[in-house]
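*Asks:* One file: run-v2.pdb (PDB, C-alpha atoms).
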```pdb
ATOM      1  CA  MET A   1     123.338 127.146  96.898
ATOM      2  CA  PRO A   2     121.952 128.939  93.830
ATOM      3  CA  ARG A   3     123.929 132.026  92.816
ATOM      4  CA  PRO A   4     121.812 135.173  92.614
ATOM      5  CA  ARG A   5     122.317 138.102  90.331
ATOM      6  CA  ARG A   6     121.207 141.690  90.605
ATOM      7  CA  GLY A   7     118.536 142.880  88.210
ATOM      8  CA  ALA A   8     119.477 140.491  85.413
ATOM      9  CA  GLY A   9     117.335 138.531  83.007
ATOM     10  CA  ARG A  10     114.245 140.736  83.144
ATOM     11  CA  ASN A  11     114.021 141.060  79.368
ATOM     12  CA  ALA A  12     115.746 137.812  78.457
ATOM     13  CA  PRO A  13     114.382 135.920  75.431
ATOM     14  CA  ALA A  14     112.465 132.802  76.384
ATOM     15  CA  PRO A  15     114.396 129.506  76.071
ATOM     16  CA  ARG A  16     112.852 127.176  73.496
ATOM     17  CA  ALA A  17     112.879 123.444  73.106
ATOM     18  CA  VAL A  18     115.804 122.189  71.023
ATOM     19  CA  GLY A  19     115.439 119.116  68.834
ATOM     20  CA  ARG A  20     118.075 116.509  68.065
ATOM     21  CA  SER A  21     119.140 118.473  65.009
ATOM     22  CA  GLY A  22     119.940 121.444  67.246
ATOM     23  CA  ARG A  23     117.227 123.599  65.697
ATOM     24  CA  ASN A  24     114.459 125.190  67.695
ATOM     25  CA  ALA A  25     111.530 122.802  67.884
ATOM     26  CA  PRO A  26     107.987 124.158  68.258
ATOM     27  CA  VAL A  27     106.145 123.244  71.420
ATOM     28  CA  GLU A  28     102.651 121.943  70.792
ATOM     29  CA  ALA A  29     100.045 123.629  72.977
ATOM     30  CA  LYS A  30      97.530 121.122  74.333
ATOM     31  CA  PRO A  31      94.473 121.800  76.529
ATOM     32  CA  GLU A  32      95.329 121.772  80.212
ATOM     33  CA  ARG A  33      93.432 122.036  83.470
ATOM     34  CA  LEU A  34      92.563 125.615  84.274
ATOM     35  CA  HIS A  35      94.085 125.784  87.754
ATOM     36  CA  LYS A  36      97.338 124.280  86.455
ATOM     37  CA  ILE A  37      97.699 126.688  83.532
ATOM     38  CA  LEU A  38      96.891 129.679  85.744
ATOM     39  CA  ALA A  39      99.649 128.632  88.147
ATOM     40  CA  GLN A  40     102.030 128.048  85.242
ATOM     41  CA  SER A  41     101.164 131.540  83.983
ATOM     42  CA  GLY A  42     102.251 133.107  87.262
ATOM     43  CA  VAL A  43      98.883 134.054  88.718
ATOM     44  CA  GLY A  44      99.257 132.050  91.934
ATOM     45  CA  SER A  45      99.648 128.550  93.337
ATOM     46  CA  ARG A  46      97.448 125.687  92.112
ATOM     47  CA  ARG A  47      95.688 125.547  95.459
ATOM     48  CA  ASP A  48      94.943 129.271  95.330
ATOM     49  CA  MET A  49      93.650 128.949  91.780
ATOM     50  CA  GLU A  50      91.278 126.133  92.744
ATOM     51  CA  GLU A  51      89.925 128.310  95.564
ATOM     52  CA  TRP A  52      89.538 131.319  93.262
ATOM     53  CA  ILE A  53      87.716 129.210  90.655
ATOM     54  CA  ALA A  54      85.356 127.825  93.311
ATOM     55  CA  ALA A  55      84.753 131.361  94.592
ATOM     56  CA  GLY A  56      83.678 132.560  91.132
ATOM     57  CA  ARG A  57      86.649 134.858  90.524
ATOM     58  CA  VAL A  58      87.620 133.155  87.248
ATOM     59  CA  THR A  59      85.760 133.164  83.932
ATOM     60  CA  VAL A  60      86.405 131.333  80.661
ATOM     61  CA  ASN A  61      85.034 132.972  77.543
ATOM     62  CA  GLY A  62      82.740 135.102  79.658
ATOM     63  CA  LYS A  63      81.263 132.235  81.683
ATOM     64  CA  PRO A  64      82.054 131.191  85.285
ATOM     65  CA  ALA A  65      84.868 128.651  85.338
ATOM     66  CA  GLU A  66      84.648 125.217  86.932
ATOM     67  CA  VAL A  67      87.271 123.373  88.979
ATOM     68  CA  GLY A  68      89.023 120.842  86.744
ATOM     69  CA  GLN A  69      87.913 122.559  83.529
ATOM     70  CA  LEU A  70      90.177 122.179  80.491
ATOM     71  CA  VAL A  71      91.241 125.249  78.530
ATOM     72  CA  GLY A  72      93.243 125.784  75.359
ATOM     73  CA  PRO A  73      95.192 128.634  73.764
ATOM     74  CA  GLU A  74      92.057 129.943  72.049
ATOM     75  CA  ASP A  75      90.149 130.434  75.323
ATOM     76  CA  LYS A  76      89.940 133.846  76.986
ATOM     77  CA  VAL A  77      90.457 133.524  80.730
ATOM     78  CA  LYS A  78      89.905 136.380  83.147
ATOM     79  CA  VAL A  79      90.707 136.559  86.854
ATOM     80  CA  SER A  80      88.741 139.178  88.785
ATOM     81  CA  GLY A  81      87.813 140.729  85.451
ATOM     82  CA  ARG A  82      91.378 140.987  84.128
ATOM     83  CA  LEU A  83      92.492 139.038  81.064
ATOM     84  CA  VAL A  84      95.346 136.592  81.746
ATOM     85  CA  HIS A  85      98.046 135.786  79.202
ATOM     86  CA  LEU A  86      98.142 131.986  79.404
ATOM     87  CA  ARG A  87     101.359 130.021  78.915
ATOM     88  CA  PHE A  88     100.801 126.656  77.251
ATOM     89  CA  GLY A  89     103.560 124.099  76.880
ATOM     90  CA  SER A  90     105.986 126.849  77.754
ATOM     91  CA  LEU A  91     109.624 126.144  78.462
ATOM     92  CA  ARG A  92     110.183 129.725  79.529
ATOM     93  CA  LEU A  93     112.066 129.799  82.793
ATOM     94  CA  PRO A  94     110.319 131.546  85.665
ATOM     95  CA  ARG A  95     111.957 134.385  87.541
ATOM     96  CA  VAL A  96     113.109 134.008  91.135
ATOM     97  CA  VAL A  97     114.242 136.907  93.305
ATOM     98  CA  LEU A  98     115.598 137.226  96.838
ATOM     99  CA  TYR A  99     114.309 140.233  98.750
ATOM    100  CA  HIS A 100     115.711 141.706 101.962
ATOM    101  CA  LYS A 101     112.541 142.744 103.745
ATOM    102  CA  PRO A 102     112.866 145.542 106.308
ATOM    103  CA  GLU A 103     110.574 145.924 109.298
ATOM    104  CA  GLY A 104     107.437 147.942 108.573
ATOM    105  CA  GLN A 105     106.296 146.180 105.390
ATOM    106  CA  ILE A 106     103.472 143.683 104.922
ATOM    107  CA  VAL A 107     103.523 140.623 102.665
ATOM    108  CA  SER A 108     100.182 141.382 101.045
ATOM    109  CA  ARG A 109      98.879 143.425  98.133
ATOM    110  CA  ASP A 110      95.863 144.680 100.047
ATOM    111  CA  ASP A 111      95.994 146.499 103.377
ATOM    112  CA  PRO A 112      93.121 148.620 104.768
ATOM    113  CA  GLU A 113      95.682 150.553 106.837
ATOM    114  CA  GLY A 114      97.655 151.574 103.758
ATOM    115  CA  ARG A 115     101.009 150.274 105.007
ATOM    116  CA  ASP A 116     103.962 149.643 102.697
ATOM    117  CA  SER A 117     103.801 146.330 100.837
ATOM    118  CA  VAL A 118     106.797 144.243  99.813
ATOM    119  CA  PHE A 119     105.240 143.972  96.343
ATOM    120  CA  ASP A 120     105.792 147.694  95.800
ATOM    121  CA  PHE A 121     109.552 147.136  95.974
ATOM    122  CA  LEU A 122     109.873 144.195  93.552
ATOM    123  CA  PRO A 123     110.889 144.391  89.878
ATOM    124  CA  ARG A 124     107.966 145.047  87.555
ATOM    125  CA  MET A 125     106.637 142.305  85.289
ATOM    126  CA  ARG A 126     104.236 142.165  82.368
ATOM    127  CA  GLY A 127     101.858 139.274  81.823
ATOM    128  CA  SER A 128     102.388 137.607  85.228
ATOM    129  CA  ARG A 129     102.772 138.492  88.877
ATOM    130  CA  TRP A 130     105.042 137.758  91.815
ATOM    131  CA  VAL A 131     104.065 134.969  94.196
ATOM    132  CA  ALA A 132     105.515 135.110  97.713
ATOM    133  CA  VAL A 133     107.187 131.971  99.064
ATOM    134  CA  GLY A 134     105.918 132.098 102.641
ATOM    135  CA  ARG A 135     105.542 135.258 104.693
ATOM    136  CA  LEU A 136     107.198 137.405 107.307
ATOM    137  CA  ASP A 137     105.136 139.476 109.724
ATOM    138  CA  TYR A 138     105.138 143.270 109.817
ATOM    139  CA  ASN A 139     107.865 143.563 112.472
ATOM    140  CA  THR A 140     110.128 140.809 111.112
ATOM    141  CA  SER A 141     112.915 141.482 108.615
ATOM    142  CA  GLY A 142     115.126 139.285 106.485
ATOM    143  CA  LEU A 143     114.985 136.930 103.542
ATOM    144  CA  LEU A 144     111.892 136.537 101.368
ATOM    145  CA  LEU A 145     111.675 134.605  98.089
ATOM    146  CA  PHE A 146     109.420 135.529  95.185
ATOM    147  CA  THR A 147     108.757 133.807  91.872
ATOM    148  CA  ASN A 148     106.258 134.120  89.043
ATOM    149  CA  SER A 149     105.790 130.332  88.995
ATOM    150  CA  GLY A 150     102.909 129.197  91.178
ATOM    151  CA  ASP A 151     104.066 125.586  90.901
ATOM    152  CA  LEU A 152     107.593 126.407  92.071
ATOM    153  CA  ALA A 153     106.298 128.569  94.929
ATOM    154  CA  ASN A 154     104.014 125.761  96.066
ATOM    155  CA  ARG A 155     106.854 123.227  96.133
ATOM    156  CA  LEU A 156     109.166 125.569  98.003
ATOM    157  CA  MET A 157     106.487 125.872 100.700
ATOM    158  CA  HIS A 158     105.197 122.293 100.730
ATOM    159  CA  PRO A 159     105.846 120.401 104.008
ATOM    160  CA  ARG A 160     107.072 117.271 102.211
ATOM    161  CA  TYR A 161     110.221 119.105 101.113
ATOM    162  CA  ASN A 162     110.949 120.027 104.732
ATOM    163  CA  LEU A 163     112.871 123.220 103.944
ATOM    164  CA  GLU A 164     114.452 124.713 107.047
ATOM    165  CA  ARG A 165     113.950 128.338 108.036
ATOM    166  CA  GLU A 166     116.743 129.920 110.070
ATOM    167  CA  TYR A 167     116.313 133.045 112.196
ATOM    168  CA  ALA A 168     118.506 135.366 114.216
ATOM    169  CA  VAL A 169     116.541 136.244 117.359
ATOM    170  CA  ARG A 170     117.376 139.051 119.790
ATOM    171  CA  VAL A 171     115.745 138.850 123.204
ATOM    172  CA  LEU A 172     115.895 141.009 126.293
ATOM    173  CA  GLY A 173     118.200 139.322 128.792
ATOM    174  CA  ASP A 174     119.753 135.855 128.861
ATOM    175  CA  LEU A 175     117.717 132.655 128.941
ATOM    176  CA  ASP A 176     118.690 130.132 131.596
ATOM    177  CA  ASP A 177     119.485 126.515 130.785
ATOM    178  CA  ALA A 178     116.064 125.260 131.867
ATOM    179  CA  THR A 179     114.318 127.670 129.478
ATOM    180  CA  LEU A 180     116.611 126.750 126.598
ATOM    181  CA  LYS A 181     115.946 123.043 127.194
ATOM    182  CA  GLN A 182     112.227 123.751 127.227
ATOM    183  CA  LEU A 183     112.433 125.498 123.848
ATOM    184  CA  ALA A 184     114.548 122.686 122.398
ATOM    185  CA  ALA A 185     112.175 120.003 123.695
ATOM    186  CA  GLY A 186     109.082 121.748 122.332
ATOM    187  CA  ILE A 187     106.391 124.220 123.300
ATOM    188  CA  GLU A 188     102.640 123.687 123.263
ATOM    189  CA  LEU A 189     101.042 126.569 121.343
ATOM    190  CA  GLU A 190      97.358 127.238 120.713
ATOM    191  CA  ASP A 191      97.632 125.692 117.222
ATOM    192  CA  GLY A 192      99.636 122.640 118.318
ATOM    193  CA  PRO A 193     103.115 121.656 119.522
ATOM    194  CA  ALA A 194     106.170 123.463 118.144
ATOM    195  CA  ARG A 195     109.907 122.955 118.529
ATOM    196  CA  PHE A 196     113.139 124.315 117.155
ATOM    197  CA  THR A 197     115.288 121.946 115.131
ATOM    198  CA  THR A 198     118.373 123.744 116.465
ATOM    199  CA  LEU A 199     118.875 126.487 119.045
ATOM    200  CA  LEU A 200     122.307 128.114 119.394
ATOM    201  CA  ASP A 201     123.576 130.869 121.676
ATOM    202  CA  ALA A 202     124.934 133.674 119.467
ATOM    203  CA  GLY A 203     126.110 135.948 122.278
ATOM    204  CA  GLY A 204     125.377 139.588 122.953
ATOM    205  CA  GLU A 205     126.158 142.551 125.154
ATOM    206  CA  GLY A 206     124.172 144.557 127.663
ATOM    207  CA  ALA A 207     120.440 143.876 127.949
ATOM    208  CA  ASN A 208     120.188 142.104 124.575
ATOM    209  CA  HIS A 209     121.152 138.551 123.708
ATOM    210  CA  TRP A 210     121.126 136.823 120.313
ATOM    211  CA  TYR A 211     120.131 133.255 119.457
ATOM    212  CA  ARG A 212     120.091 131.359 116.148
ATOM    213  CA  VAL A 213     117.184 128.986 115.673
ATOM    214  CA  THR A 214     115.909 126.756 112.873
ATOM    215  CA  LEU A 215     112.551 125.127 112.232
ATOM    216  CA  SER A 216     111.082 123.215 109.322
ATOM    217  CA  GLU A 217     107.663 124.815 109.170
ATOM    218  CA  GLY A 218     106.296 128.305 108.766
ATOM    219  CA  ARG A 219     103.322 128.865 111.019
ATOM    220  CA  ASN A 220     102.171 132.410 111.706
ATOM    221  CA  ARG A 221     104.518 134.232 114.145
ATOM    222  CA  GLU A 222     105.775 130.846 115.353
ATOM    223  CA  VAL A 223     109.237 131.953 116.502
ATOM    224  CA  ARG A 224     107.904 134.936 118.435
ATOM    225  CA  ARG A 225     105.142 132.872 120.028
ATOM    226  CA  MET A 226     107.573 130.179 121.175
ATOM    227  CA  PHE A 227     109.806 132.686 122.947
ATOM    228  CA  GLU A 228     106.787 134.490 124.397
ATOM    229  CA  ALA A 229     105.510 131.153 125.755
ATOM    230  CA  VAL A 230     108.585 130.922 128.028
ATOM    231  CA  GLY A 231     108.325 134.558 129.100
ATOM    232  CA  ALA A 232     111.031 135.963 126.779
ATOM    233  CA  THR A 233     110.571 139.263 124.927
ATOM    234  CA  VAL A 234     111.755 139.261 121.301
ATOM    235  CA  SER A 235     113.141 142.693 120.406
ATOM    236  CA  ARG A 236     114.294 141.804 116.894
ATOM    237  CA  LEU A 237     113.735 138.906 114.502
ATOM    238  CA  ILE A 238     115.565 138.345 111.221
ATOM    239  CA  ARG A 239     115.169 135.429 108.803
ATOM    240  CA  VAL A 240     118.653 134.654 107.532
ATOM    241  CA  ARG A 241     117.992 131.475 105.539
ATOM    242  CA  TYR A 242     115.187 129.695 103.704
ATOM    243  CA  GLY A 243     116.165 126.169 102.657
ATOM    244  CA  PRO A 244     119.296 126.468 100.467
ATOM    245  CA  PHE A 245     118.965 130.252 100.161
ATOM    246  CA  VAL A 246     121.033 132.379 102.554
ATOM    247  CA  LEU A 247     120.433 136.116 102.964
ATOM    248  CA  PRO A 248     123.417 137.655 101.111
ATOM    249  CA  ALA A 249     125.496 139.954 103.300
ATOM    250  CA  ARG A 250     125.723 142.483 100.467
ATOM    251  CA  LEU A 251     121.956 142.602  99.863
ATOM    252  CA  LYS A 252     120.728 145.832 101.443
ATOM    253  CA  ARG A 253     117.345 146.119 103.125
ATOM    254  CA  GLY A 254     114.612 146.901 100.622
ATOM    255  CA  SER A 255     116.691 145.496  97.706
ATOM    256  CA  THR A 256     116.267 142.456  95.456
ATOM    257  CA  MET A 257     118.698 140.021  93.881
ATOM    258  CA  GLU A 258     117.662 137.768  90.994
ATOM    259  CA  LEU A 259     118.794 134.204  90.320
ATOM    260  CA  THR A 260     120.587 133.422  87.069
ATOM    261  CA  ASP A 261     118.838 131.331  84.409
ATOM    262  CA  MET A 262     121.158 128.407  85.145
ATOM    263  CA  ASP A 263     120.338 128.451  88.839
ATOM    264  CA  VAL A 264     116.604 128.740  88.192
ATOM    265  CA  ALA A 265     116.762 125.744  85.835
ATOM    266  CA  LYS A 266     118.712 123.756  88.442
ATOM    267  CA  LEU A 267     116.198 124.713  91.132
ATOM    268  CA  MET A 268     113.274 123.624  88.949
ATOM    269  CA  ARG A 269     114.805 120.205  88.334
ATOM    270  CA  GLU A 270     115.650 119.713  92.004
ATOM    271  CA  PHE A 271     111.962 120.165  92.816
ATOM    272  CA  GLY A 272     110.741 117.888  90.030
ATOM    273  CA  LEU A 273     109.642 120.588  87.578
ATOM    274  CA  PRO A 274     110.526 120.616  83.850
ATOM    275  CA  ALA A 275     113.129 123.122  82.728
ATOM    276  CA  PRO A 276     115.085 123.666  79.498
ATOM    277  CA  GLU A 277     118.812 123.220  79.244
ATOM    278  CA  VAL A 278     120.595 126.523  79.727
ATOM    279  CA  ILE A 279     124.052 127.150  78.295
ATOM    280  CA  GLN A 280     126.373 128.826  80.757
ATOM    281  CA  LYS A 281     127.654 132.106  79.400
ATOM    282  CA  ARG A 282     128.627 135.518  80.629
ATOM    283  CA  ASP A 283     125.563 137.644  81.305
ATOM    284  CA  LYS A 284     126.306 141.150  80.046
ATOM    285  CA  ARG A 285     123.025 142.452  81.437
ATOM    286  CA  THR A 286     124.003 142.013  85.037
ATOM    287  CA  ARG A 287     124.053 145.361  86.831
ATOM    288  CA  LYS A 288     126.966 146.182  89.096
TER
END
```
Would you mind writing the file out in structure tokens?

*Replies:*
Amino acid sequence: MPRPRRGAGRNAPAPRAVGRSGRNAPVEAKPERLHKILAQSGVGSRRDMEEWIAAGRVTVNGKPAEVGQLVGPEDKVKVSGRLVHLRFGSLRLPRVVLYHKPEGQIVSRDDPEGRDSVFDFLPRMRGSRWVAVGRLDYNTSGLLLFTNSGDLANRLMHPRYNLEREYAVRVLGDLDDATLKQLAAGIELEDGPARFTTLLDAGGEGANHWYRVTLSEGRNREVRRMFEAVGATVSRLIRVRYGPFVLPARLKRGSTMELTDMDVAKLMREFGLPAPEVIQKRDKRTRK
């Protein structure tokens, strides 16, 4: 599992390509497809960028952009009227943070009700923005991942990688064996069948009982809806794992923990994305 760090690497110099002689080699910037370069620049996922381009939210040199359009370093690209700093041929590692979301926050930048947003509690960045890897609903707490790489976020969410989500679920009362077998076998929801990969009794006292469940997809409120479908009331829901990432016991609610450069590079390669070699060394910037 990648090893996180607290608050480190925010102002780290960008890794550069190294030639056979050991000297820094310049990276040639070539024209790339607009949606790809926007994702690489941390604006959002490629799919989101294609939708934004089609919706007319993106301009190139003052003109409406087209899906599949090529752009180069000399082009001025704006998203919703704001100029984007494009990263061409960049070997700069993206940032990845783990966030312990408390109940009472939304995973959105816009909310007509003015509720707290998880994005208000993340480290600040210049020139790019955080992309959420999946979501948790307003009343669910636990592990959330964020990165400024749209490509990495998309792969961490893509069904073909089949990343498990694990939750600790507290319900009112015990569930009998028949109900547990029903949940394990699968439940028919309004948006299709759903089933837990694993379902374990985690004990409890009094009126509350805990269960640990895993599933390999992330449909809206899926865990809550499955328990509600068998007549169980969920009183608390916590995501404790997303794929290889486990919610650190020492990570307090409302706090972030950032992955080291080495672990980000390893993560990129595991998901088929290019990343520079990173020399392991003591990071003096890590906050304690």

*Asks:* Could you tell me, as a ChimeraX atom specification, exactly which residues end up selected when the PyMOL selection byres ((chain A and resi 138-153) around 6) is applied to this structure?

*Replies:* /A:39-40,42,44-45,94-106,129-133,136-137,154-156,237-240,247

*Asks:* Rounded to one decimal in Å, what is the spacing between atom CA of Ser41 of chain A and atom CA of Tyr161 of chain A?

*Replies:*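 That distance, rounded to one decimal, is 23.0 Å.
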
*Asks:* Please measure the separation of atom CA of Gly127 of chain A and atom CA of Gly81 of chain A, giving the value in Å to one decimal.

*Replies:* 14.6 Å

*Asks:* Between atom CA of Ala232 of chain A and atom CA of Asp116 of chain A, what is the spacing in Å?

*Replies:*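 Value for the atom CA of Asp116 of chain A-atom CA of Ala232 of chain A distance: 28.6 Å.
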
*Asks:* A:Ser128, A:Asn61, A:Ser235, A:Ser216: which is nearest Val171 of chain A, counting all atoms listed in the file?

*Replies:*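 For Val171 of chain A, the nearest of the candidates is A:Ser235.
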
*Asks:* Could you check the closest approach to Leu199 of chain A for each of A:Tyr167, A:Asp75, A:Gly218, A:Ala65 and tell me which residue wins, using only C-alpha atoms?

*Replies:*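 The answer is A:Tyr167, which sits nearest to Leu199 of chain A.
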
*Asks:* Out of A:Arg47, A:Phe119, A:Ala207, A:Lys76, which residue has the shortest atom-to-atom distance to Ser255 of chain A when counting all atoms listed in the file?

*Replies:*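 The answer is A:Phe119, which sits nearest to Ser255 of chain A.
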
*Asks:* Using only C-alpha atoms for the distances, tell me which of A:Thr179, A:Thr233, A:Asn208, A:Asn220 is nearest to Gly134 of chain A.

*Replies:*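 Counting only C-alpha atoms, the residue closest to Gly134 of chain A is A:Asn220.
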
*Asks:* Check which residues satisfy the PyMOL selection byres ((chain A and resi 210) around 8) in the file shown, then give them as a list in words.

*Replies:*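 Given this file, the PyMOL selection byres ((chain A and resi 210) around 8) evaluates to Ala168, Val169, Arg170, Val171, Asp201, Ala202, Gly203, Gly204, Asn208, His209, Tyr211 and Arg212 of chain A.
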
*Asks:* How would the residues just chosen look if you wrote them out with C-alpha atoms as a PDB file, in the coordinates of the input?

*Replies:*
```
ATOM      1  CA  ALA A 168     118.506 135.366 114.216  1.00  0.00           C
ATOM      2  CA  VAL A 169     116.541 136.244 117.359  1.00  0.00           C
ATOM      3  CA  ARG A 170     117.376 139.051 119.790  1.00  0.00           C
ATOM      4  CA  VAL A 171     115.745 138.850 123.204  1.00  0.00           C
ATOM      5  CA  ASP A 201     123.576 130.869 121.676  1.00  0.00           C
ATOM      6  CA  ALA A 202     124.934 133.674 119.467  1.00  0.00           C
ATOM      7  CA  GLY A 203     126.110 135.948 122.278  1.00  0.00           C
ATOM      8  CA  GLY A 204     125.377 139.588 122.953  1.00  0.00           C
ATOM      9  CA  ASN A 208     120.188 142.104 124.575  1.00  0.00           C
ATOM     10  CA  HIS A 209     121.152 138.551 123.708  1.00  0.00           C
ATOM     11  CA  TYR A 211     120.131 133.255 119.457  1.00  0.00           C
ATOM     12  CA  ARG A 212     120.091 131.359 116.148  1.00  0.00           C
TER      13      ARG A 212
END
```

*Asks:* Convert the output of the PyMOL selection byres ((chain A and resi 53) around 9) on the shown file into explicit residues, formatted as a compact mmCIF listing (two decimals) with C-alpha atoms, in the coordinates of the input.

*Replies:*
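After the write, result.txt holds the following:
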```txt
# COMPACT_ATOMS: atom_id res chain seq x y z
CA LEU A 34 92.56 125.62 84.27
CA HIS A 35 94.08 125.78 87.75
CA ASP A 48 94.94 129.27 95.33
CA MET A 49 93.65 128.95 91.78
CA GLU A 50 91.28 126.13 92.74
CA GLU A 51 89.92 128.31 95.56
CA TRP A 52 89.54 131.32 93.26
CA ALA A 54 85.36 127.82 93.31
CA ALA A 55 84.75 131.36 94.59
CA GLY A 56 83.68 132.56 91.13
CA ARG A 57 86.65 134.86 90.52
CA VAL A 58 87.62 133.16 87.25
CA THR A 59 85.76 133.16 83.93
CA PRO A 64 82.05 131.19 85.28
CA ALA A 65 84.87 128.65 85.34
CA GLU A 66 84.65 125.22 86.93
CA VAL A 67 87.27 123.37 88.98
CA VAL A 79 90.71 136.56 86.85
```

*Asks:* Would you mind telling me which residue in A:Leu38, A:Leu215, A:Ala275, A:Val43 lies nearest to Gly72 of chain A when using all atoms listed in the file?

*Replies:*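 Looking at the shortest contact to Gly72 of chain A, the residue is A:Leu38.
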
*Asks:* I need the residue nearest Phe227 of chain A from this list: A:Val60, A:Leu93, A:Val84, A:Leu172. Use only C-alpha atoms for the distance.

*Replies:* A:Leu172

*Asks:* Hey, can you pull every residue with an atom no more than 9 Å from (117.4, 129.3, 89.5), using only C-alpha atoms, and send it as a list of chain:residue names?

*Replies:*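 Residues close enough to count: A:Pro2, A:Arg3, A:Pro4, A:Leu93, A:Pro94, A:Arg95, A:Val96, A:Glu258, A:Leu259, A:Thr260, A:Asp261, A:Met262, A:Asp263, A:Val264, A:Ala265, A:Lys266, A:Leu267, A:Met268.
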